[in-house]
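Heads up, the thing below is written out as structure tokens.
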Amino acid sequence: MSNNMREQLKHAVHDQANQSLELLYHYLRLPSVSAQHRAIPETVAFVSDLLNGIGAEVKVLDDLGGNPVIYGFLPAGDGGNTAKTLLFYDHYDVQPPDPLDEWDTEPFEATLKEGILYARGTADNKGTLMQRIAAIKALEETSGLPCNVKFLIEGEEEIGSPNLPVYLKKYAELFQSDACIWEFGSTDAKERVQLYAGIKGSAYYEFHAKSAAIDLHSSLAAVVDNPAWRLVQALSSMKNQNNDITVEGFYDEIEAPDEALIKLVRAIPFEEEALRDTYKLTRPLITAARGEVPQDALMLAPTFTICGMVSGYTGEGAKTVLPKEAKVKIDCRMVPGQTGEHLLACFKRHLARHGFSDITVDLIESQRAYRSDIHDPFLNLVKKTAEEAYEHEAIMYPNSAGTGPMYAFNEYLHLPIVSTGVGWVQSKAHAPNESIRMNDYVNGSVHMAYLLTDFAAE
């Protein structure tokens with residue numbers, strides 16, 4: 001494509017991105033919270049209409065349980081490369097908006113202030129789907145769609161995509177493509193575009209201790225064991241004050257990174273001050289005390305995190321009570337090779353060996369980690385077109401520190417995956433006041449148009 005045609009495409013994408021905002025606002029008004037089963041049928045209908053609106057063949061797959069999976073297909077236009085197919089993965093569900101009192105705007109009413117759009121789902125992931133649609137419409141109205149495009153849009157990503165693997169297994173041929181663009185990404189504090197060629201896995205557990213049928217008067221703590229203390233003591237045997245995970249076998253399954261991967265990870269910039277400022281951190285990074293490189297920890301190391309604890313009385317004022325039970329929620333971000341089932345066995349064995357066999361542990365959900373081949377040319381293509389569209393440096397991370405169902409895509413579709421989206425360093429996905437910047441929305445749309453064009457020409 002000539003420079004003149006590239007510039008014409010850029011202008012067309014800008015126009016389409018601006019024209020798409022009303023549809024984006026409508027999309028954001030739908031409170032499609034999968035954890036609460038809210039507005040799912042309405043959102044499925046809306047997304048199906050969006051794809052129909054750009055001429056896509058649409059199928060709503062709902063025969064295997066869970067929220068429906070939406071399939072969309074657009075063939076290459078006249079003169080396009082019918083031998084190449086790019087798959088877009090997105091999700092129409094969002095996180096709950098809680099805590100509501102920390103929002104400065106209505107979470108399900110799009111609010112544009114000084115070039116920043118606030119609403120639940122702006123960054124994760126409704127804005128990203130809309131910019132991809134804007135790019136496709138611009139291409140259709142100019143040079144034509146340069147290659148085949150498929151969409152897989154699910155409705156359970158925010159609850160761990162429990163049903164997606166069975167859909168991928170059954171409909172693998174339907175979704176078969178040459179490469180995949182994933183659902184998230186952002187610019188960092190220095191406006192560099194963050195791209196991800198993989199994702200960490202996640203396993204979520206509940207630990208439970210119980211010592212009585214009812215809560216007791218706290219004076220009986222002189223003779224009755226306290227289940228909250230049991231959990232505290234058990235957990236302290238599993239991770240020490242230096243943040244070493246001390247569960248036997250925890251690291252056994254990990255695939256050791258090679259030198260090329262370690263070199264790539266060490267070259268990734270890490271902005272500690274930006275991290276501190278964004279989240280108003282009050283404690284030193286745990287990597288400092290451990291003498292670790294933060295990039296290594298984020299990309300290559302697993303985690304063991306207490307997500308929440310419940311026991312006894314937690315209301316206002318005092319209530320002297322010895323609780324009958326205690327529960328703790330734990331999540332582990334896993335690296336390639338690890339499985340939630342293996343870690344479950346490790347936890348049970350550890351508890352028994354250390355005198356805590358009365359504590360039960362259940363695996364709630366688990367997703368394995370995935371990492372694309374860092375030498376695949378698709379990764380470089382995504383990076384090159386991002387830098388052209390944003391006019392800023394792009395950074396290719398070998399994987400995100402977060403989690404999604406990439407492993408299942410690799411298992412059934414066998415294709416390189418890169419994640420990119422319209423977020424920014426202050427997007428606050430999953431938190432109150434989630435947002436995107438309109439400039440990133442437009443640049444991200446241009447990026448998708450450039451990527452589709454160059455992908456077809458390879």
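The way I read the labels, and the way they are meant: chains A, B, ... in the order of the structure tokens, residue 1 as the first residue of every chain, and ligand 1 as the first ligand shown, with later ones counted on from there.
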Please build the interface table for stretch 152-237 of chain A against stretch 403-422 of chain A with a cut-off of 9 Å, listing for each qualifying residue the nearest atom pair and the distance in Å to one decimal; count only C-alpha atoms, order rows by chain and increasing number, and write it as a Markdown table.
| residue | atom | partner | partner_atom | distance |
| --- | --- | --- | --- | --- |
| A:Glu157 | CA | A:Gly404 | CA | 7.1 |
| A:Glu158 | CA | A:Gly404 | CA | 8.8 |
| A:Gly160 | CA | A:Gly404 | CA | 7.1 |
| A:Ser161 | CA | A:Pro405 | CA | 6.5 |
| A:Pro162 | CA | A:Pro405 | CA | 9.0 |
| A:Leu164 | CA | A:Pro405 | CA | 7.8 |
| A:Pro165 | CA | A:Ala408 | CA | 5.6 |
| A:Leu168 | CA | A:Tyr412 | CA | 6.4 |
| A:Lys169 | CA | A:Tyr412 | CA | 6.0 |
| A:Ala172 | CA | A:Tyr412 | CA | 6.0 |
| A:Glu173 | CA | A:Leu413 | CA | 8.1 |
| A:Phe175 | CA | A:Leu413 | CA | 7.5 |
| A:Gln176 | CA | A:Leu413 | CA | 5.8 |
| A:Ser177 | CA | A:Leu415 | CA | 7.3 |
| A:Asp178 | CA | A:Leu415 | CA | 6.1 |
| A:Ala179 | CA | A:Pro416 | CA | 5.2 |
| A:Cys180 | CA | A:Ile417 | CA | 4.7 |
| A:Ile181 | CA | A:Val418 | CA | 5.2 |
| A:Trp182 | CA | A:Ser419 | CA | 4.1 |
| A:Glu183 | CA | A:Ser419 | CA | 5.8 |
| A:Phe184 | CA | A:Gly421 | CA | 4.3 |
| A:Gly185 | CA | A:Gly421 | CA | 4.0 |
| A:Ser186 | CA | A:Val422 | CA | 5.5 |
| A:Thr187 | CA | A:Val422 | CA | 7.8 |
| A:Val193 | CA | A:Thr420 | CA | 8.4 |
| A:Gln194 | CA | A:Thr420 | CA | 7.1 |
| A:Leu195 | CA | A:Thr420 | CA | 5.3 |
| A:Tyr196 | CA | A:Ser419 | CA | 4.9 |
| A:Ala197 | CA | A:Val418 | CA | 4.5 |
| A:Gly198 | CA | A:Val418 | CA | 6.9 |
| A:Ile199 | CA | A:Thr403 | CA | 5.5 |
| A:Lys200 | CA | A:Thr403 | CA | 5.1 |
| A:Gly201 | CA | A:Thr403 | CA | 5.4 |
| A:Ser202 | CA | A:Thr403 | CA | 6.1 |
Need the shell around A:Gly79: protein/DNA/RNA residues with any atom at most 10 Å away, counting only C-alpha atoms. Skip same-chain ones fewer than 4 positions apart. Format as a list in words? Ser143, Gly144, Leu145, Pro146 and Cys147 of chain A
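One finds atom CA of A:Arg368 at 16.8 Å from atom CA of A:Tyr167.
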Selection: 10 Å around A:Trp229, only C-alpha atoms, excl. self and same-chain fewer than 4 positions, as a PyMOL selection string: chain A and resi 209+225+233-235+326
Taking 3 positions as the minimum chain separation for residues in the same chain, which residues sit within 12 Å of A:Arg38 when counting only C-alpha atoms? Answer as a PDB file with C-alpha atoms, in the first residue's frame.
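Contents of part04.pdb, as written:
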ATOM      1  CA  ARG A  29     -24.978   1.139  29.036  1.00  0.00           C
ATOM      2  CA  LEU A  30     -25.634  -2.600  29.018  1.00  0.00           C
ATOM      3  CA  PRO A  31     -24.703  -3.897  32.527  1.00  0.00           C
ATOM      4  CA  SER A  32     -23.458  -7.250  31.239  1.00  0.00           C
ATOM      5  CA  VAL A  33     -21.992  -8.512  34.520  1.00  0.00           C
ATOM      6  CA  SER A  34     -21.498 -12.250  34.077  1.00  0.00           C
ATOM      7  CA  ALA A  35     -20.884 -12.829  37.800  1.00  0.00           C
ATOM      8  CA  PRO A  41     -29.465 -11.799  26.388  1.00  0.00           C
ATOM      9  CA  GLU A  42     -29.725  -8.088  25.584  1.00  0.00           C
ATOM     10  CA  THR A  43     -25.957  -7.795  25.181  1.00  0.00           C
ATOM     11  CA  VAL A  44     -25.757 -10.867  22.961  1.00  0.00           C
ATOM     12  CA  ASN A  67     -23.374 -17.633  28.327  1.00  0.00           C
ATOM     13  CA  TYR A  92     -18.985  -8.848  26.117  1.00  0.00           C
ATOM     14  CA  ASP A  93     -19.130  -9.418  29.875  1.00  0.00           C
ATOM     15  CA  VAL A  94     -17.722  -6.977  32.415  1.00  0.00           C
ATOM     16  CA  GLN A  95     -16.751  -6.888  36.073  1.00  0.00           C
ATOM     17  CA  PRO A  96     -19.252  -5.757  38.739  1.00  0.00           C
ATOM     18  CA  GLY A 155     -19.590 -13.756  27.793  1.00  0.00           C
ATOM     19  CA  GLU A 156     -17.757 -15.419  30.660  1.00  0.00           C
TER      20      GLU A 156
END
Select, from A:Tyr118, A:Tyr205, A:Phe378, A:Phe250, the residue with the minimum atom-to-atom distance to A:Leu452, counting only C-alpha atoms. A:Phe378
Per-residue DSSP, stretch 145-326 of chain A, filtered to helix (DSSP H, G or I), as a ChimeraX atom specification: /A:157-159,164-170,172-175,218-222,227-236,259-266,272-279,286-290,294-300
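When only C-alpha atoms are used to measure the gap to A:Thr111, the shortest distance among A:Glu434, A:Ala45, A:Ile40, A:Val335 belongs to A:Glu434.
Distance check against A:Glu109 using only C-alpha atoms: of A:Asp63, A:Glu140, A:Glu22, A:Asp90, the minimum falls on A:Glu22.
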Picked from stretch 201-338 of chain A by DSSP as strand (DSSP E), as a PyMOL selection string: chain A and resi 201-210+216-217+305-311+321-322+325-334
